[in-house]
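Pasting target.cif here (mmCIF, C-alpha atoms):
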data_entry
#
loop_
_atom_site.label_atom_id
_atom_site.label_comp_id
_atom_site.auth_asym_id
_atom_site.auth_seq_id
_atom_site.Cartn_x
_atom_site.Cartn_y
_atom_site.Cartn_z
CA MET Y 249 -59.29 -201.74 25.19
CA LYS Y 250 -59.97 -199.10 27.78
CA GLU Y 251 -62.04 -199.85 30.80
CA VAL Y 252 -65.51 -198.33 30.97
CA PRO Y 253 -65.43 -195.48 33.51
CA ILE Y 254 -67.65 -195.72 36.54
CA SER Y 255 -70.64 -193.39 36.69
CA THR Y 256 -70.94 -190.58 39.22
CA CYS Y 257 -74.10 -192.01 40.76
CA GLU Y 258 -72.45 -195.39 41.29
CA ARG Y 259 -69.36 -193.76 42.78
CA GLU Y 260 -71.43 -191.72 45.23
CA PHE Y 261 -73.48 -194.76 46.19
CA ILE Y 262 -70.37 -196.83 47.02
CA LEU Y 263 -68.76 -194.01 48.99
CA LYS Y 264 -71.95 -193.36 50.95
CA ALA Y 265 -72.21 -197.06 51.85
CA ILE Y 266 -68.59 -197.04 53.06
CA ARG Y 267 -69.23 -193.96 55.20
CA ASP Y 268 -72.19 -195.79 56.75
CA ARG Y 269 -69.89 -198.74 57.62
CA LYS Y 270 -71.48 -200.93 54.95
CA ARG Y 271 -70.24 -202.72 51.83
CA ILE Y 272 -72.12 -203.44 48.64
CA ASP Y 273 -71.50 -207.20 48.89
CA GLY Y 274 -72.73 -207.45 52.49
CA ARG Y 275 -69.34 -207.97 54.17
CA GLN Y 276 -68.03 -206.22 57.22
CA THR Y 277 -65.10 -203.81 57.13
CA TYR Y 278 -62.38 -206.37 57.89
CA ASP Y 279 -63.93 -209.44 56.26
CA TYR Y 280 -62.30 -211.40 53.45
CA ARG Y 281 -64.25 -213.00 50.66
CA ARG Y 282 -64.52 -216.77 50.44
CA LEU Y 283 -61.06 -218.25 49.89
CA LYS Y 284 -60.59 -221.60 48.17
CA VAL Y 285 -57.30 -223.37 47.37
CA SER Y 286 -57.18 -226.34 44.98
CA PHE Y 287 -54.39 -228.26 43.29
CA GLY Y 288 -53.88 -229.88 39.90
CA MET Y 289 -52.76 -233.37 38.97
CA GLU Y 290 -49.13 -232.28 38.65
CA ARG Y 291 -47.05 -231.03 41.50
CA GLY Y 292 -46.71 -227.25 41.72
CA CYS Y 293 -50.04 -226.40 40.07
CA CYS Y 294 -52.41 -224.39 42.23
CA ILE Y 295 -55.59 -222.37 41.73
CA VAL Y 296 -56.71 -219.79 44.27
CA GLU Y 297 -60.23 -218.36 44.25
CA LEU Y 298 -60.82 -215.22 46.29
CA GLY Y 299 -64.48 -214.53 45.75
CA ASP Y 300 -64.81 -214.22 41.97
CA THR Y 301 -61.11 -213.42 41.53
CA LYS Y 302 -59.31 -216.49 40.21
CA VAL Y 303 -55.53 -216.95 39.88
CA LEU Y 304 -53.53 -219.93 38.56
CA ALA Y 305 -49.91 -220.56 39.61
CA GLN Y 306 -47.62 -223.12 37.97
CA VAL Y 307 -44.10 -223.86 39.25
CA SER Y 308 -41.41 -225.42 37.08
CA GLY Y 309 -37.68 -226.03 37.47
CA LYS Y 310 -34.64 -226.44 35.28
CA ILE Y 311 -30.87 -226.74 35.73
CA GLU Y 312 -28.66 -223.82 34.66
CA GLU Y 313 -25.43 -222.08 35.61
CA PRO Y 314 -25.49 -219.89 38.71
CA LYS Y 315 -24.63 -216.22 38.88
CA LYS Y 316 -20.96 -215.38 39.28
CA ASN Y 317 -21.47 -213.38 42.45
CA ARG Y 318 -23.55 -216.23 44.00
CA PRO Y 319 -22.11 -219.52 42.73
CA THR Y 320 -23.76 -221.69 45.44
CA GLU Y 321 -27.29 -220.35 45.23
CA GLY Y 322 -30.11 -221.19 42.91
CA SER Y 323 -32.60 -218.69 41.59
CA ILE Y 324 -36.29 -217.97 42.17
CA ILE Y 325 -38.17 -216.25 39.35
CA ILE Y 326 -41.73 -215.02 39.74
CA ASN Y 327 -43.70 -213.81 36.73
CA LEU Y 328 -47.19 -212.31 36.93
CA GLU Y 329 -49.22 -212.47 33.72
CA LEU Y 330 -52.23 -210.19 33.23
CA SER Y 331 -54.14 -211.29 30.14
CA PRO Y 332 -57.28 -209.84 28.50
CA MET Y 333 -59.06 -212.99 29.64
CA ALA Y 334 -59.03 -211.61 33.18
CA SER Y 335 -60.18 -208.10 32.30
CA PRO Y 336 -60.60 -206.11 29.06
CA ALA Y 337 -58.43 -203.38 30.60
CA PHE Y 338 -55.33 -205.62 30.24
CA GLU Y 339 -53.55 -205.64 26.88
CA PRO Y 340 -51.77 -208.76 25.57
CA GLY Y 341 -47.96 -208.72 25.44
CA ARG Y 342 -47.74 -205.29 27.01
CA PRO Y 343 -47.42 -205.12 30.81
CA THR Y 344 -49.31 -202.30 32.44
CA GLU Y 345 -47.99 -200.08 35.19
CA SER Y 346 -50.09 -201.86 37.78
CA GLY Y 347 -48.86 -205.25 36.51
CA ILE Y 348 -45.21 -204.25 36.86
CA GLU Y 349 -45.87 -202.92 40.35
CA MET Y 350 -47.57 -206.14 41.49
CA ASN Y 351 -44.78 -208.26 40.00
CA ARG Y 352 -42.19 -206.37 41.99
CA ILE Y 353 -44.22 -206.74 45.18
CA LEU Y 354 -44.37 -210.52 44.67
CA GLU Y 355 -40.61 -210.76 44.13
CA ARG Y 356 -39.85 -208.72 47.25
CA ASN Y 357 -42.39 -210.65 49.30
CA ILE Y 358 -41.13 -214.14 48.39
CA ARG Y 359 -37.62 -213.96 46.94
CA ASP Y 360 -36.14 -211.05 48.89
CA SER Y 361 -37.63 -212.28 52.18
CA ARG Y 362 -35.77 -215.60 51.77
CA ALA Y 363 -38.97 -217.60 51.99
CA VAL Y 364 -37.31 -220.40 49.95
CA ASP Y 365 -33.83 -221.61 50.73
CA THR Y 366 -31.86 -220.92 47.52
CA GLU Y 367 -28.66 -222.65 48.76
CA SER Y 368 -30.51 -225.99 48.82
CA LEU Y 369 -30.99 -225.58 45.06
CA CYS Y 370 -27.24 -225.90 44.35
CA ILE Y 371 -26.10 -229.10 42.59
CA VAL Y 372 -22.48 -228.31 41.75
CA ALA Y 373 -21.07 -225.04 43.05
CA GLY Y 374 -20.32 -222.62 40.25
CA GLU Y 375 -21.58 -225.00 37.57
CA LYS Y 376 -25.13 -226.25 38.03
CA VAL Y 377 -28.00 -225.04 40.18
CA TRP Y 378 -31.78 -225.31 40.09
CA SER Y 379 -33.72 -222.39 38.68
CA ILE Y 380 -37.29 -222.37 40.01
CA ARG Y 381 -39.85 -220.36 38.07
CA ALA Y 382 -43.36 -219.54 39.29
CA ASP Y 383 -45.76 -218.31 36.59
CA VAL Y 384 -48.85 -216.65 38.01
CA HIS Y 385 -51.74 -216.17 35.58
CA VAL Y 386 -54.78 -214.08 36.45
CA LEU Y 387 -57.85 -215.88 35.11
CA ASN Y 388 -60.49 -213.45 36.35
CA ASP Y 389 -60.14 -210.02 37.92
CA GLU Y 390 -62.82 -209.05 40.42
CA GLY Y 391 -60.55 -207.04 42.70
CA ASN Y 392 -57.53 -207.63 44.99
CA ILE Y 393 -55.32 -209.54 42.55
CA MET Y 394 -52.33 -208.94 44.85
CA ASP Y 395 -53.54 -211.07 47.72
CA ALA Y 396 -54.76 -213.91 45.49
CA ALA Y 397 -51.46 -213.93 43.52
CA SER Y 398 -49.29 -214.03 46.65
CA ILE Y 399 -51.33 -216.91 48.12
CA ALA Y 400 -51.17 -218.84 44.84
CA ALA Y 401 -47.42 -218.32 44.40
CA ILE Y 402 -46.33 -219.41 47.89
CA THR Y 403 -48.79 -222.34 47.92
CA ALA Y 404 -47.55 -223.58 44.53
CA LEU Y 405 -43.92 -223.37 45.75
CA ALA Y 406 -44.79 -225.40 48.84
CA HIS Y 407 -46.65 -227.95 46.70
CA PHE Y 408 -43.87 -228.31 44.11
CA ARG Y 409 -41.49 -231.29 44.04
CA ARG Y 410 -38.21 -231.24 42.11
CA PRO Y 411 -36.47 -234.40 40.83
CA ASP Y 412 -33.77 -235.89 43.03
CA VAL Y 413 -30.18 -235.47 41.84
CA THR Y 414 -27.11 -237.61 42.49
CA VAL Y 415 -23.54 -236.35 41.91
CA MET Y 416 -20.79 -238.93 41.33
CA GLY Y 417 -17.56 -237.07 40.62
CA GLU Y 418 -18.25 -234.99 37.56
CA GLU Y 419 -21.28 -237.04 36.58
CA VAL Y 420 -24.70 -235.65 37.53
CA THR Y 421 -27.70 -238.00 37.46
CA ILE Y 422 -31.28 -236.71 37.54
CA HIS Y 423 -33.62 -239.43 38.78
CA SER Y 424 -37.11 -239.83 37.45
CA PRO Y 425 -40.10 -239.94 39.81
CA GLU Y 426 -40.29 -243.72 39.25
CA ASP Y 427 -36.73 -244.23 40.49
CA ARG Y 428 -36.78 -241.87 43.45
CA ASP Y 429 -39.39 -239.74 45.11
CA PRO Y 430 -39.17 -236.05 44.15
CA VAL Y 431 -37.79 -233.66 46.73
CA PRO Y 432 -39.80 -230.71 48.06
CA LEU Y 433 -38.41 -227.20 48.22
CA SER Y 434 -37.12 -225.91 51.50
CA VAL Y 435 -39.70 -223.29 52.46
CA HIS Y 436 -38.74 -221.41 55.63
CA HIS Y 437 -41.92 -219.37 56.00
CA MET Y 438 -45.01 -218.37 54.04
CA PRO Y 439 -45.32 -214.63 53.43
CA VAL Y 440 -48.85 -213.53 52.49
CA CYS Y 441 -49.99 -210.11 51.32
CA VAL Y 442 -52.94 -208.27 52.86
CA THR Y 443 -54.36 -205.27 50.95
CA PHE Y 444 -56.03 -202.27 52.59
CA ALA Y 445 -58.04 -199.69 50.63
CA PHE Y 446 -58.41 -196.14 51.97
CA PHE Y 447 -61.22 -193.67 51.33
CA ASP Y 448 -61.74 -189.98 52.16
CA GLN Y 449 -58.02 -189.36 52.61
CA GLY Y 450 -57.46 -192.27 54.97
CA GLU Y 451 -60.49 -191.74 57.18
CA PHE Y 452 -62.08 -195.07 56.18
CA LEU Y 453 -60.33 -198.32 55.30
CA LEU Y 454 -61.44 -201.72 54.00
CA VAL Y 455 -59.80 -205.13 53.81
CA ASP Y 456 -59.86 -207.12 50.57
CA PRO Y 457 -61.47 -204.49 48.27
CA ASN Y 458 -63.43 -205.75 45.28
CA ARG Y 459 -63.28 -204.31 41.78
CA LEU Y 460 -65.76 -201.47 42.31
CA GLU Y 461 -64.19 -200.46 45.61
CA GLU Y 462 -60.76 -200.36 43.97
CA ARG Y 463 -62.04 -197.94 41.34
CA VAL Y 464 -63.26 -195.39 43.88
CA MET Y 465 -60.50 -195.70 46.52
CA ASP Y 466 -58.03 -192.90 47.17
CA GLY Y 467 -55.08 -195.21 47.80
CA ARG Y 468 -54.04 -198.60 49.09
CA MET Y 469 -51.44 -200.24 51.26
CA VAL Y 470 -50.10 -203.79 50.85
CA VAL Y 471 -48.61 -205.48 53.90
CA GLY Y 472 -46.64 -208.73 53.39
CA MET Y 473 -46.33 -210.72 56.60
CA ASN Y 474 -45.64 -214.29 57.70
CA MET Y 475 -46.82 -216.44 60.59
CA HIS Y 476 -44.12 -215.09 62.88
CA ARG Y 477 -45.49 -211.52 62.59
CA GLU Y 478 -42.53 -210.45 60.49
CA ILE Y 479 -43.24 -207.81 57.87
CA CYS Y 480 -41.73 -209.01 54.60
CA THR Y 481 -42.84 -206.11 52.42
CA LEU Y 482 -44.80 -202.86 52.75
CA MET Y 483 -46.03 -200.80 49.84
CA MET Y 484 -48.27 -197.72 49.67
CA SER Y 485 -49.75 -196.15 46.56
CA GLY Y 486 -52.09 -193.27 45.89
CA GLY Y 487 -52.08 -189.56 46.66
CA MET Y 488 -52.74 -189.71 50.40
CA LEU Y 489 -50.86 -189.32 53.66
CA LEU Y 490 -51.08 -191.74 56.59
CA VAL Y 491 -49.97 -191.31 60.15
CA LYS Y 492 -48.06 -194.01 62.02
CA GLU Y 493 -51.12 -194.95 64.08
CA GLN Y 494 -52.93 -195.99 60.91
CA VAL Y 495 -49.96 -198.07 59.75
CA LEU Y 496 -49.73 -199.83 63.11
CA ARG Y 497 -53.45 -200.47 63.06
CA CYS Y 498 -53.21 -202.06 59.61
CA SER Y 499 -50.29 -204.25 60.71
CA GLN Y 500 -52.29 -205.55 63.67
CA ILE Y 501 -55.22 -206.41 61.39
CA ALA Y 502 -52.82 -208.10 58.94
CA THR Y 503 -51.43 -210.30 61.74
CA VAL Y 504 -54.84 -211.84 62.33
CA LYS Y 505 -55.67 -212.25 58.64
CA VAL Y 506 -52.31 -213.81 57.77
CA ALA Y 507 -52.67 -216.42 60.52
CA GLU Y 508 -56.09 -217.42 59.20
CA ILE Y 509 -54.91 -217.64 55.58
CA ILE Y 510 -51.78 -219.68 56.36
CA GLU Y 511 -53.83 -222.11 58.42
CA LEU Y 512 -56.19 -222.61 55.47
CA ILE Y 513 -53.22 -223.15 53.12
CA GLN Y 514 -51.68 -225.73 55.45
CA LYS Y 515 -54.96 -227.64 55.69
CA ALA Y 516 -55.26 -227.72 51.89
CA LEU Y 517 -51.66 -229.02 51.54
CA ASP Y 518 -52.20 -231.74 54.15
CA LYS Y 519 -55.45 -232.85 52.56
CA ASP Y 520 -53.84 -233.12 49.11
CA ALA Y 521 -50.86 -235.05 50.51
CA GLN Y 522 -53.14 -237.56 52.23
CA ALA Y 523 -55.21 -238.04 49.06
CA ARG Y 524 -52.09 -238.67 46.94
CA GLN Y 525 -50.63 -241.07 49.49
CA ALA Y 526 -53.87 -243.04 49.69
CA GLY Y 527 -54.13 -243.20 45.91
CA GLU Y 528 -57.38 -241.27 45.77
CA LYS Y 529 -58.44 -239.02 42.94
CA CYS Y 530 -57.08 -235.51 43.09
CA GLY Y 531 -56.94 -232.48 40.83
CA PHE Y 532 -59.14 -229.62 39.73
CA ALA Y 533 -61.95 -231.91 38.59
CA GLU Y 534 -62.25 -233.41 42.07
CA SER Y 535 -62.30 -229.99 43.73
CA VAL Y 536 -65.27 -228.82 41.67
CA PRO Y 537 -68.51 -229.47 43.58
CA ALA Y 538 -70.80 -231.93 41.83
CA ASN Y 539 -74.00 -229.94 41.50
CA LYS Y 540 -76.54 -232.17 39.75
CA ILE Y 541 -79.91 -231.02 38.53
CA THR Y 542 -82.48 -233.82 38.43
CA THR Y 543 -85.97 -233.31 37.06
CA ASN Y 544 -87.37 -236.75 37.92
CA LYS Y 545 -86.42 -236.90 41.57
CA LYS Y 546 -87.39 -234.68 44.45
CA GLU Y 547 -86.88 -235.09 48.14
CA PRO Y 548 -90.13 -235.53 50.10
CA THR Y 549 -91.21 -232.46 52.01
CA LEU Y 550 -93.68 -232.18 54.87
CA ILE Y 551 -96.70 -229.94 54.32
CA ASP Y 552 -98.62 -228.50 57.26
CA THR Y 553 -102.33 -228.93 56.57
CA THR Y 554 -103.58 -227.92 60.01
CA ALA Y 555 -104.83 -224.51 58.93
CA ALA Y 556 -106.55 -225.94 55.85
CA ALA Y 557 -108.26 -228.65 57.91
CA GLN Y 558 -109.52 -226.12 60.45
CA GLN Y 559 -110.85 -223.88 57.71
CA ALA Y 560 -112.59 -226.82 56.00
CA SER Y 561 -114.25 -227.94 59.25
CA GLN Y 562 -115.42 -224.40 59.91
CA VAL Y 563 -116.98 -224.16 56.45
CA ILE Y 564 -118.76 -227.51 56.96
CA GLN Y 565 -120.15 -226.41 60.32
CA GLU Y 566 -121.41 -223.10 58.98
CA ALA Y 567 -123.06 -224.71 55.97
CA GLY Y 568 -126.60 -226.07 56.48
CA PRO Y 569 -128.02 -229.43 55.38
CA VAL Y 570 -128.22 -229.96 51.65
CA ASP Y 571 -131.74 -230.27 50.25
CA LYS Y 572 -132.15 -233.33 48.06
CA PRO Y 573 -133.75 -232.49 44.72
CA MET Y 574 -137.12 -234.17 44.10
CA SER Y 575 -137.31 -235.41 40.55
CA ASN Y 576 -140.39 -237.06 39.00
CA MET Y 577 -140.07 -239.83 36.46
CA ILE Y 578 -141.62 -239.02 33.11
CA VAL Y 579 -142.45 -241.68 30.51
CA GLN Y 580 -141.74 -240.27 27.06
CA ALA Y 581 -142.40 -243.48 25.07
CA PRO Y 582 -143.03 -247.17 25.69
CA GLY Y 583 -140.02 -248.76 27.38
CA THR Y 584 -138.28 -245.40 28.17
CA ALA Y 585 -138.21 -243.16 31.20
CA GLN Y 586 -136.68 -239.77 32.10
CA ILE Y 587 -135.91 -238.21 35.45
CA GLY Y 588 -136.20 -234.43 35.27
CA GLU Y 589 -137.05 -232.34 32.29
CA GLY Y 590 -133.46 -231.74 31.12
CA LEU Y 591 -132.46 -229.45 28.32
CA VAL Y 592 -133.03 -229.49 24.60
CA ASN Y 593 -130.05 -230.59 22.52
CA THR Y 594 -129.54 -228.00 19.80
CA TRP Y 595 -126.26 -229.36 18.48
CA GLN Y 596 -126.34 -229.27 14.65
CA ILE Y 597 -130.16 -229.12 14.47
CA ASP Y 598 -131.67 -227.09 11.66
CA ASP Y 599 -134.48 -224.64 12.16
CA VAL Y 600 -136.79 -226.84 10.04
CA ASP Y 601 -136.18 -229.82 12.33
CA MET Y 602 -136.76 -227.66 15.37
CA GLU Y 603 -140.10 -226.47 13.95
CA SER Y 604 -141.20 -230.03 13.08
CA GLU Y 605 -140.31 -231.20 16.59
CA GLU Y 606 -142.26 -228.33 18.13
CA GLU Y 607 -145.35 -229.20 15.98
CA GLU Y 608 -145.12 -232.86 16.98
CA GLU Y 609 -144.87 -231.95 20.65
CA GLY Y 610 -147.92 -229.73 20.24
CA ARG Y 611 -149.97 -232.60 18.76
CA LYS Y 612 -148.89 -234.93 21.56
CA LYS Y 613 -149.91 -232.38 24.18
CA SER Y 614 -153.32 -231.94 22.57
CA VAL Y 615 -153.91 -235.74 22.51
CA THR Y 616 -152.86 -236.14 26.12
CA ASN Y 617 -155.03 -233.21 27.20
CA GLY Y 618 -158.06 -234.80 25.51
CA LYS Y 619 -157.46 -238.11 27.20
CA GLU Y 620 -157.03 -236.42 30.55
CA ALA Y 621 -160.37 -234.69 30.05
CA GLU Y 622 -162.04 -238.05 29.33
CA ALA Y 623 -160.41 -239.57 32.36
CA THR Y 624 -161.65 -236.77 34.61
CA SER Y 625 -165.22 -237.00 33.19
CA LYS Y 626 -165.28 -240.78 33.88
CA PRO Y 627 -163.30 -241.39 37.03
CA THR Y 628 -162.16 -244.95 37.32
CA GLU Y 629 -160.75 -246.79 40.23
CA ARG Y 630 -157.05 -247.60 39.97
CA LYS Y 631 -156.63 -251.32 39.84
CA ARG Y 632 -153.64 -253.38 40.61
CA PRO Y 633 -152.30 -255.78 38.01
CA VAL Y 634 -154.27 -259.03 38.05
CA LYS Y 635 -152.35 -262.22 37.67
CA ALA Y 636 -154.35 -265.12 36.36
CA VAL Y 637 -152.59 -268.44 36.78
CA SER Y 638 -153.77 -271.62 35.08
CA HIS Y 639 -152.21 -275.05 35.06
CA ALA Y 640 -152.39 -277.63 32.30
CA ASP Y 641 -153.28 -280.95 34.03
CA ASP Y 642 -153.37 -284.45 32.63
CA SER Y 643 -157.21 -284.34 32.79
CA GLY Y 644 -157.22 -282.49 29.54
CA SER Y 645 -157.95 -278.93 30.76
CA GLU Y 646 -156.45 -276.54 28.38
CA GLU Y 647 -155.35 -273.44 30.34
CA GLU Y 648 -152.24 -271.28 30.22
CA GLU Y 649 -150.56 -268.86 32.67
CA LYS Y 650 -151.34 -265.32 31.73
CA VAL Y 651 -150.78 -261.84 33.35
CA MET Y 652 -153.41 -259.17 32.77
CA LEU Y 653 -152.53 -255.51 33.33
CA TYR Y 654 -155.03 -252.65 33.51
CA GLN Y 655 -154.25 -249.02 32.90
CA GLY Y 656 -154.39 -247.07 36.13
CA ASP Y 657 -152.83 -243.78 35.05
CA ALA Y 658 -153.12 -242.20 31.63
CA GLU Y 659 -149.73 -240.48 31.97
CA MET Y 660 -147.84 -243.79 32.44
CA LYS Y 661 -149.06 -245.58 29.30
CA SER Y 662 -149.09 -244.73 25.64
CA THR Y 663 -152.09 -244.63 23.33
CA GLU Y 664 -151.42 -248.03 21.72
CA ASP Y 665 -151.08 -249.93 25.01
CA SER Y 666 -154.25 -248.36 26.47
CA THR Y 667 -156.48 -249.78 23.70
CA ALA Y 668 -155.03 -253.28 24.12
CA LEU Y 669 -155.50 -253.31 27.90
CA GLN Y 670 -159.23 -252.36 27.76
CA GLN Y 671 -160.34 -255.96 26.97
CA PRO Y 672 -162.67 -257.60 29.56
CA PRO Y 673 -160.96 -259.85 32.07
CA ASN Y 674 -163.39 -262.79 31.52
CA SER Y 675 -162.71 -263.26 27.80
CA ASP Y 676 -160.87 -266.58 27.77
CA LYS Y 677 -161.15 -267.28 24.05
CA PRO Y 678 -157.61 -266.20 23.23
CA ALA Y 679 -156.35 -268.34 26.04
CA LYS Y 680 -158.19 -271.43 24.75
CA LYS Y 681 -156.78 -270.95 21.27
CA LYS Y 682 -153.29 -270.68 22.55
CA GLY Y 683 -153.88 -273.67 24.75
CA LYS Y 684 -154.96 -275.75 21.77
CA LYS Y 685 -151.91 -274.79 19.83
CA LYS Y 686 -149.69 -275.73 22.76
CA LYS Y 687 -151.45 -279.13 23.11
CA ALA Y 688 -151.04 -279.87 19.41
CA ALA Y 689 -147.36 -279.05 19.64
CA GLN Y 690 -146.97 -281.46 22.57
CA LYS Y 691 -148.62 -284.30 20.61
#

Show me this structure written as structure tokens.
Amino acid sequence: MKEVPISTCEREFILKAIRDRKRIDGRQTYDYRRLKVSFGMERGCCIVELGDTKVLAQVSGKIEEPKKNRPTEGSIIINLELSPMASPAFEPGRPTESGIEMNRILERNIRDSRAVDTESLCIVAGEKVWSIRADVHVLNDEGNIMDAASIAAITALAHFRRPDVTVMGEEVTIHSPEDRDPVPLSVHHMPVCVTFAFFDQGEFLLVDPNRLEERVMDGRMVVGMNMHREICTLMMSGGMLLVKEQVLRCSQIATVKVAEIIELIQKALDKDAQARQAGEKCGFAESVPANKITTNKKEPTLIDTTAAAQQASQVIQEAGPVDKPMSNMIVQAPGTAQIGEGLVNTWQIDDVDMESEEEEEGRKKSVTNGKEAEATSKPTERKRPVKAVSHADDSGSEEEEKVMLYQGDAEMKSTEDSTALQQPPNSDKPAKKKGKKKKAAQK
């Protein structure tokens, strides 16, 4: 599957940003992306993450016959695998030109620079030697595979442990990890590659180019260097010409970057060794950050309410005193009262019912108006309720406690109560009758 070509607008945008000393991911010219090194449960398994570029390296070993021209030396084999999982531009089972070129750079950087002592891999001269193989798999390609692959390969070789071997005459015994501790490889130095991308015929350069920057660059230069400032490999590609000042400048930048990367690798190796010695959990699962999303728990946060309190106090000060509404109590029927007129409830009321209610209200108003007219024609003095108290003594007086109420306001009493309260206060016949009944009940 061919890679989708980049558009002209996108190309011009990236080049313009580079000319303005800017990068699309916010980095500076000589900045690397975030580098993370993690190890697996087995020895010799390493994953390197350079930004979004991810590379896996796995080291294995086996015993085989040495080469005839080098009977006392083992072999180091490095294989770089570019699968379609990393990028759709890679085809399965068919190495691309760029893949072959990167594989050769890795071999020259590690094997040809004598980073690993091959003579220490000899078991029996001319008969049996260790063959160490480092398989580097690109899991995701987001630019600068070369640097991530070189870091993963040398870190996996330094992390690998081979079984211990004992030679007794012609008998060769390979000890298991339970019998004897595995033996690490003899790594003399750690060569690391640093990639430079050039633009506008070498006028501008960037360190650690990403995928988009690689697609618009004019050429690149890969510098392999170790901690001792020794150049292990140097490769240039692309149709451009560089002067020696530019090459020296790149080598000086690579010296600083290589020292930082090797220090990070050494810290990762020491941390893993301490965790394994202490019996702690180690591996890829432990290196993944535990990001938990909880919906029922939230950390308390402080909220500044000073501005809201000031605004509320200002509103209260500006607002005047609230007038209390004056509501009169209206008696609609005996034993009921209403404060305020309220509204008419029209929920599910038919028009016929509404008309009948309006007619009834009209009749009530006419009756009350007539009574008010009578009351105004004959003004009466409002009287307080009179309480007549009588006691039933042993002398035989028959009296009973009774409360007499007189109507003082026509609006506060109904028509039926007004007729009953108009009896004269001196009529004590009903009281005597009730008194007799009470006396008979006592006997």

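Among the candidate residues Y:Arg459, Y:Lys505, Y:His423, Y:His437, the one lying nearest to Tyr278 (chain Y) is Y:Lys505, with distances computed using all atoms listed in the file.
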
Who sits within 9 Å of Gly450 (chain Y), all atoms listed in the file, same chain under 5 positions skipped, as JSON, numbers by chain: {"Y": [445, 466, 467, 488, 489, 490, 494]}

Hits from the PyMOL selection byres ((chain Y and resi 411) around 8), listed as a list in words: Arg409, Arg410, Asp412, Val413, Ile422, His423, Ser424, Pro425, Arg428, Asp429, Pro430 and Val431 of chain Y

Given the file above and the PyMOL selection byres ((chain Y and resi 284) around 6), which residues are selected, and can you give them as an mmCIF file with C-alpha atoms, keeping the file's coordinate frame?
data_model
loop_
_atom_site.group_PDB
_atom_site.id
_atom_site.type_symbol
_atom_site.label_atom_id
_atom_site.label_comp_id
_atom_site.auth_asym_id
_atom_site.auth_seq_id
_atom_site.Cartn_x
_atom_site.Cartn_y
_atom_site.Cartn_z
ATOM 1 C CA LEU Y 283 -61.060 -218.250 49.890
ATOM 2 C CA VAL Y 285 -57.300 -223.370 47.370
ATOM 3 C CA VAL Y 296 -56.710 -219.790 44.270
ATOM 4 C CA GLU Y 297 -60.230 -218.360 44.250
#

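Applied to the file shown here, the PyMOL selection byres ((chain Y and resi 273) around 12) selects the residues Ile262, Ala265, Ile266, Lys270, Arg271, Ile272, Gly274, Arg275, Gln276, Thr277, Asp279, Tyr280, Arg281, Arg282, Gly299, Asp300, Asp456, Pro457, Asn458, Arg459, Leu460 and Glu461 of chain Y.
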
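Across the structure, CA of His385 (chain Y) and CA of Val303 (chain Y) are spaced 5.8 Å apart.
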
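Across the structure, CA of Leu496 (chain Y) and CA of Phe447 (chain Y) are spaced 17.6 Å apart.
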
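The coordinates place CA of Ile509 (chain Y) at 10.3 Å from CA of Pro439 (chain Y).
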
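Of the listed residues (Y:Gly347, Y:Pro432, Y:Pro336, Y:Gly487), Y:Pro336 comes nearest to Glu390 (chain Y); the distances count only C-alpha atoms.
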
Residue nearest Ser485 (chain Y) among Y:Cys370, Y:Glu349, Y:Met438, Y:Glu355 (counting only C-alpha atoms): Y:Glu349

Which of Y:Ser335, Y:Thr481, Y:Thr301, Y:Asn474 sits closest to Glu508 (chain Y) [using only C-alpha atoms]: Y:Asn474
